[in-house]
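Novice: Let me begin by handing over the structure; questions about it come next.
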Amino acid sequence: MIDLSEQYRQFGISEEVYRFGETILDSLKQRFQQIDEVAEYNQLKVIRAMQECHVSEACLLGTTGYGYNDLGRDTLEKVYAALFHTQDALVRPQITCGTHALALALMSNLRPGDELLSPVGKPYDTLEEVIGIRPSKGSLKEYGISYRQVDLLSDGSFDYDNIRAAIGDRTRLVTIQRSKGYQTRPTLSVSRIGELIHFIKKIRPDIICMVDNCYGEFVETIEPTDVGADMVVGSLIKNPGGGLAPIGGYIAGRKECVENAAYRLTSPGLGKEVGASLGILSSFYEGLFLAPTVTAGALKGAIFAANIYEKLGFPVVPDGAESRHDIIQAVTFGSPEGVTAFCQGIQAAAPVDSFVTPEPWDMPGYDSQVIMAAGAFVSGSSIELSADGPIAPPYAVYFQGGLTFPHAKLGILKTLQNLVDKQIVKRNFS
């Protein structure tokens, strides 16, 4: 029988911490089996979409220059549309990140005089400057687009009365953030998103419902477009890129919404016809192929982390037992030292830059210092093992990723060992 504990000792993991982790894992076998079943379902869904869209070897080749008649690019967009059951999709390396994809979807489908509504509270920090909540060049606010938000109720449910009151004649688009961002609210399930969209459409069927799908793809067997979303938006260096996509984002949805985004991305009159794929399509295709199983590994890591830290008495969102709808795990330490120690433990488990010690810094797009740990093959890829958090109350860290569960497991054990060594966690594990 293989003695894994010796391998972990070489990473500085004590016998007590290792055994504690094994006890937690023993209790999660049935839960992990259910995750594997979802991954298998989604794997078959991806293969079926690729086959139906006639993905060929020629699709893996790239184009340069204008990118006219790029077979692989156009076919990949058909695959995404088939996966999300939408009329069209825009999947491009020219979309630089998730925030860019969201900004593109918003700016292309809103016009001066329109109003944007968030019925799920404050959006992710980097969207504040896109919207104009915090002043920034080129924000929606500068173009005469107003913004209104309705916070979730204290129990995390939708405030339907105030959402109804907030919807007016100028309301053009509703943005629904599936994941929690730098908050400790619950992540929204696809079912709950569907209920909210149904409520909004009953009031005004013409309102565009857009879902920020970052970190949620392939966690469930259905996606927000299966329950009425007009658009879903995400990043390829998160779940759907499978750890192989080096850049990129996607927008899938109604044809008009996607066309608007394409004209904004390139130029009026050009739209989806241009945009060279520059030889990275094989990474996009293979990453998408791997995405269901990579997401499953990350999800197991998040559940492992939740159960580890919940058992130690720290507030975790989601908790160790509740259903999961994204790959992010929040752990509240209540002190900046706890957030920093956790992130430094993640960095120490990385295959790249493990010798680097992350520290908080003033990061563009955020209103407080942020610490980020990500020794990744793709810079900033949060489907790879990573953790980050603002150095601000309640001092919560947000953990996600892990291309394989064994790597996620090592990362979590390193965080715990680091917290024990710094005496932030004081517990006898024996």
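Chain labels A, B, ... are given in the sequence in which chains occur in the structure tokens; within each chain residues are numbered consecutively from 1, and ligands are likewise numbered from 1 in the order shown.
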Can you check which residues of range 137-311 of chain A DSSP gives as strand (DSSP E or B) on the backbone and send them as a compact mmCIF listing (two decimals) with C-alpha atoms, in the first residue's frame?

Specialist:
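This is the output file result.txt:
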```txt
# COMPACT_ATOMS: atom_id res chain seq x y z
CA SER A 146 -28.11 54.90 -15.06
CA TYR A 147 -27.83 52.13 -12.51
CA ARG A 148 -30.06 50.84 -9.77
CA GLN A 149 -29.61 47.94 -7.38
CA THR A 171 -35.02 49.51 -17.30
CA ARG A 172 -33.40 47.85 -20.28
CA LEU A 173 -31.13 45.16 -18.85
CA VAL A 174 -30.98 43.18 -15.62
CA THR A 175 -27.61 41.77 -14.57
CA ILE A 176 -27.58 38.73 -12.31
CA GLN A 177 -24.27 37.72 -10.75
CA ILE A 208 -32.73 41.60 -21.28
CA CYS A 209 -31.68 39.23 -18.49
CA MET A 210 -27.91 38.73 -18.45
CA VAL A 211 -26.18 36.29 -16.11
CA ASP A 212 -22.56 36.66 -15.02
CA MET A 231 -27.25 36.06 -22.24
CA VAL A 232 -24.62 34.23 -20.21
CA VAL A 233 -21.15 35.69 -19.94
CA GLY A 234 -17.89 34.21 -18.70
CA SER A 235 -14.13 33.91 -18.89
CA GLY A 249 -14.09 35.11 -22.90
CA TYR A 250 -17.52 34.18 -24.16
CA ILE A 251 -21.02 35.60 -24.55
CA ALA A 252 -23.81 33.16 -25.47
CA GLY A 253 -27.42 34.08 -25.93
```

Novice: Please identify all polymer residues within 12 Å of Arg164 in chain A, counting only C-alpha atoms, omitting same-chain residues fewer than 2 positions from it, and present them as a ChimeraX atom specification.

Specialist: /A:117,119,149-150,158-162,166-169,171,196,199-204

Novice: Suppose you want the space between CA of His198 in chain A and CA of Ile35 in chain A; what is it in Å?

Specialist: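 A separation of 28.0 Å between them.
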
Novice: Which of range 262-336 of chain A counts as helix (DSSP H, G or I) under DSSP, as a PyMOL selection string please?

Specialist: chain A and resi 262-265+271-273+281-311+336

Novice: Residues of the last selection are to be written out with C-alpha atoms, as a PDB file, in the first residue's frame.

Specialist:
```pdb
ATOM      1  CA  ALA A 262     -19.667  41.409 -31.791  1.00  0.00           C
ATOM      2  CA  TYR A 263     -20.114  44.835 -33.394  1.00  0.00           C
ATOM      3  CA  ARG A 264     -18.872  46.467 -30.209  1.00  0.00           C
ATOM      4  CA  LEU A 265     -15.876  44.122 -29.964  1.00  0.00           C
ATOM      5  CA  GLY A 271     -18.959  42.124 -36.278  1.00  0.00           C
ATOM      6  CA  LYS A 272     -18.118  38.425 -36.108  1.00  0.00           C
ATOM      7  CA  GLU A 273     -16.551  38.313 -39.577  1.00  0.00           C
ATOM      8  CA  LEU A 281      -7.949  27.251 -31.067  1.00  0.00           C
ATOM      9  CA  SER A 282      -6.645  23.808 -30.127  1.00  0.00           C
ATOM     10  CA  SER A 283      -6.288  25.059 -26.531  1.00  0.00           C
ATOM     11  CA  PHE A 284      -9.850  26.401 -26.608  1.00  0.00           C
ATOM     12  CA  TYR A 285     -11.272  23.124 -27.920  1.00  0.00           C
ATOM     13  CA  GLU A 286      -9.242  20.807 -25.709  1.00  0.00           C
ATOM     14  CA  GLY A 287      -9.817  23.028 -22.687  1.00  0.00           C
ATOM     15  CA  LEU A 288     -13.573  22.894 -23.251  1.00  0.00           C
ATOM     16  CA  PHE A 289     -13.342  19.122 -23.645  1.00  0.00           C
ATOM     17  CA  LEU A 290     -11.573  18.844 -20.269  1.00  0.00           C
ATOM     18  CA  ALA A 291     -13.704  21.486 -18.528  1.00  0.00           C
ATOM     19  CA  PRO A 292     -16.316  19.182 -16.921  1.00  0.00           C
ATOM     20  CA  THR A 293     -13.711  17.010 -15.172  1.00  0.00           C
ATOM     21  CA  VAL A 294     -11.451  19.949 -14.290  1.00  0.00           C
ATOM     22  CA  THR A 295     -14.461  21.758 -12.786  1.00  0.00           C
ATOM     23  CA  ALA A 296     -15.332  18.622 -10.813  1.00  0.00           C
ATOM     24  CA  GLY A 297     -11.822  18.538  -9.319  1.00  0.00           C
ATOM     25  CA  ALA A 298     -12.069  22.199  -8.335  1.00  0.00           C
ATOM     26  CA  LEU A 299     -15.505  21.598  -6.827  1.00  0.00           C
ATOM     27  CA  LYS A 300     -14.197  18.743  -4.707  1.00  0.00           C
ATOM     28  CA  GLY A 301     -11.409  21.006  -3.494  1.00  0.00           C
ATOM     29  CA  ALA A 302     -13.902  23.688  -2.490  1.00  0.00           C
ATOM     30  CA  ILE A 303     -16.013  21.173  -0.545  1.00  0.00           C
ATOM     31  CA  PHE A 304     -12.903  19.753   1.127  1.00  0.00           C
ATOM     32  CA  ALA A 305     -11.887  23.268   2.196  1.00  0.00           C
ATOM     33  CA  ALA A 306     -15.369  24.041   3.501  1.00  0.00           C
ATOM     34  CA  ASN A 307     -15.427  20.934   5.663  1.00  0.00           C
ATOM     35  CA  ILE A 308     -11.870  21.445   6.943  1.00  0.00           C
ATOM     36  CA  TYR A 309     -12.418  25.012   8.080  1.00  0.00           C
ATOM     37  CA  GLU A 310     -15.995  24.569   9.255  1.00  0.00           C
ATOM     38  CA  LYS A 311     -14.785  21.788  11.529  1.00  0.00           C
ATOM     39  CA  PRO A 336      -5.858  40.198   7.834  1.00  0.00           C
TER      40      PRO A 336
END
```

Novice: Quick one: of A:Leu83, A:Val378, A:Ala349, A:Leu110, who's nearest to Asn42 in chain A, counting only C-alpha atoms?

Specialist: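 Smallest distance to Asn42 in chain A is found for A:Leu83.
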
Novice: Would you pick out the contacts of range 337-339 of chain A at 7 Å or less, using only C-alpha atoms, so that residues sharing its chain but fewer than 3 positions from it are not included, and give the list as JSON, numbers by chain?

Specialist: {"A": [333, 342, 343, 395, 396, 397, 424]}

Novice: Keeping C-alpha atoms, export the residues of the selection given above as a short mmCIF file (atom, residue, chain, number, x, y, z; two decimals), in the first residue's frame.

Specialist:
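Generated file (result-v9.cif):
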```cif
data_model
loop_
_atom_site.label_atom_id
_atom_site.label_comp_id
_atom_site.auth_asym_id
_atom_site.auth_seq_id
_atom_site.Cartn_x
_atom_site.Cartn_y
_atom_site.Cartn_z
CA PHE A 333 -10.89 34.50 9.38
CA PHE A 342 -4.10 31.19 3.80
CA CYS A 343 -3.00 32.75 0.51
CA TYR A 395 -11.40 39.48 6.32
CA ALA A 396 -12.63 36.58 4.20
CA VAL A 397 -10.53 34.65 1.71
CA ILE A 424 -3.68 31.39 13.91
#
```
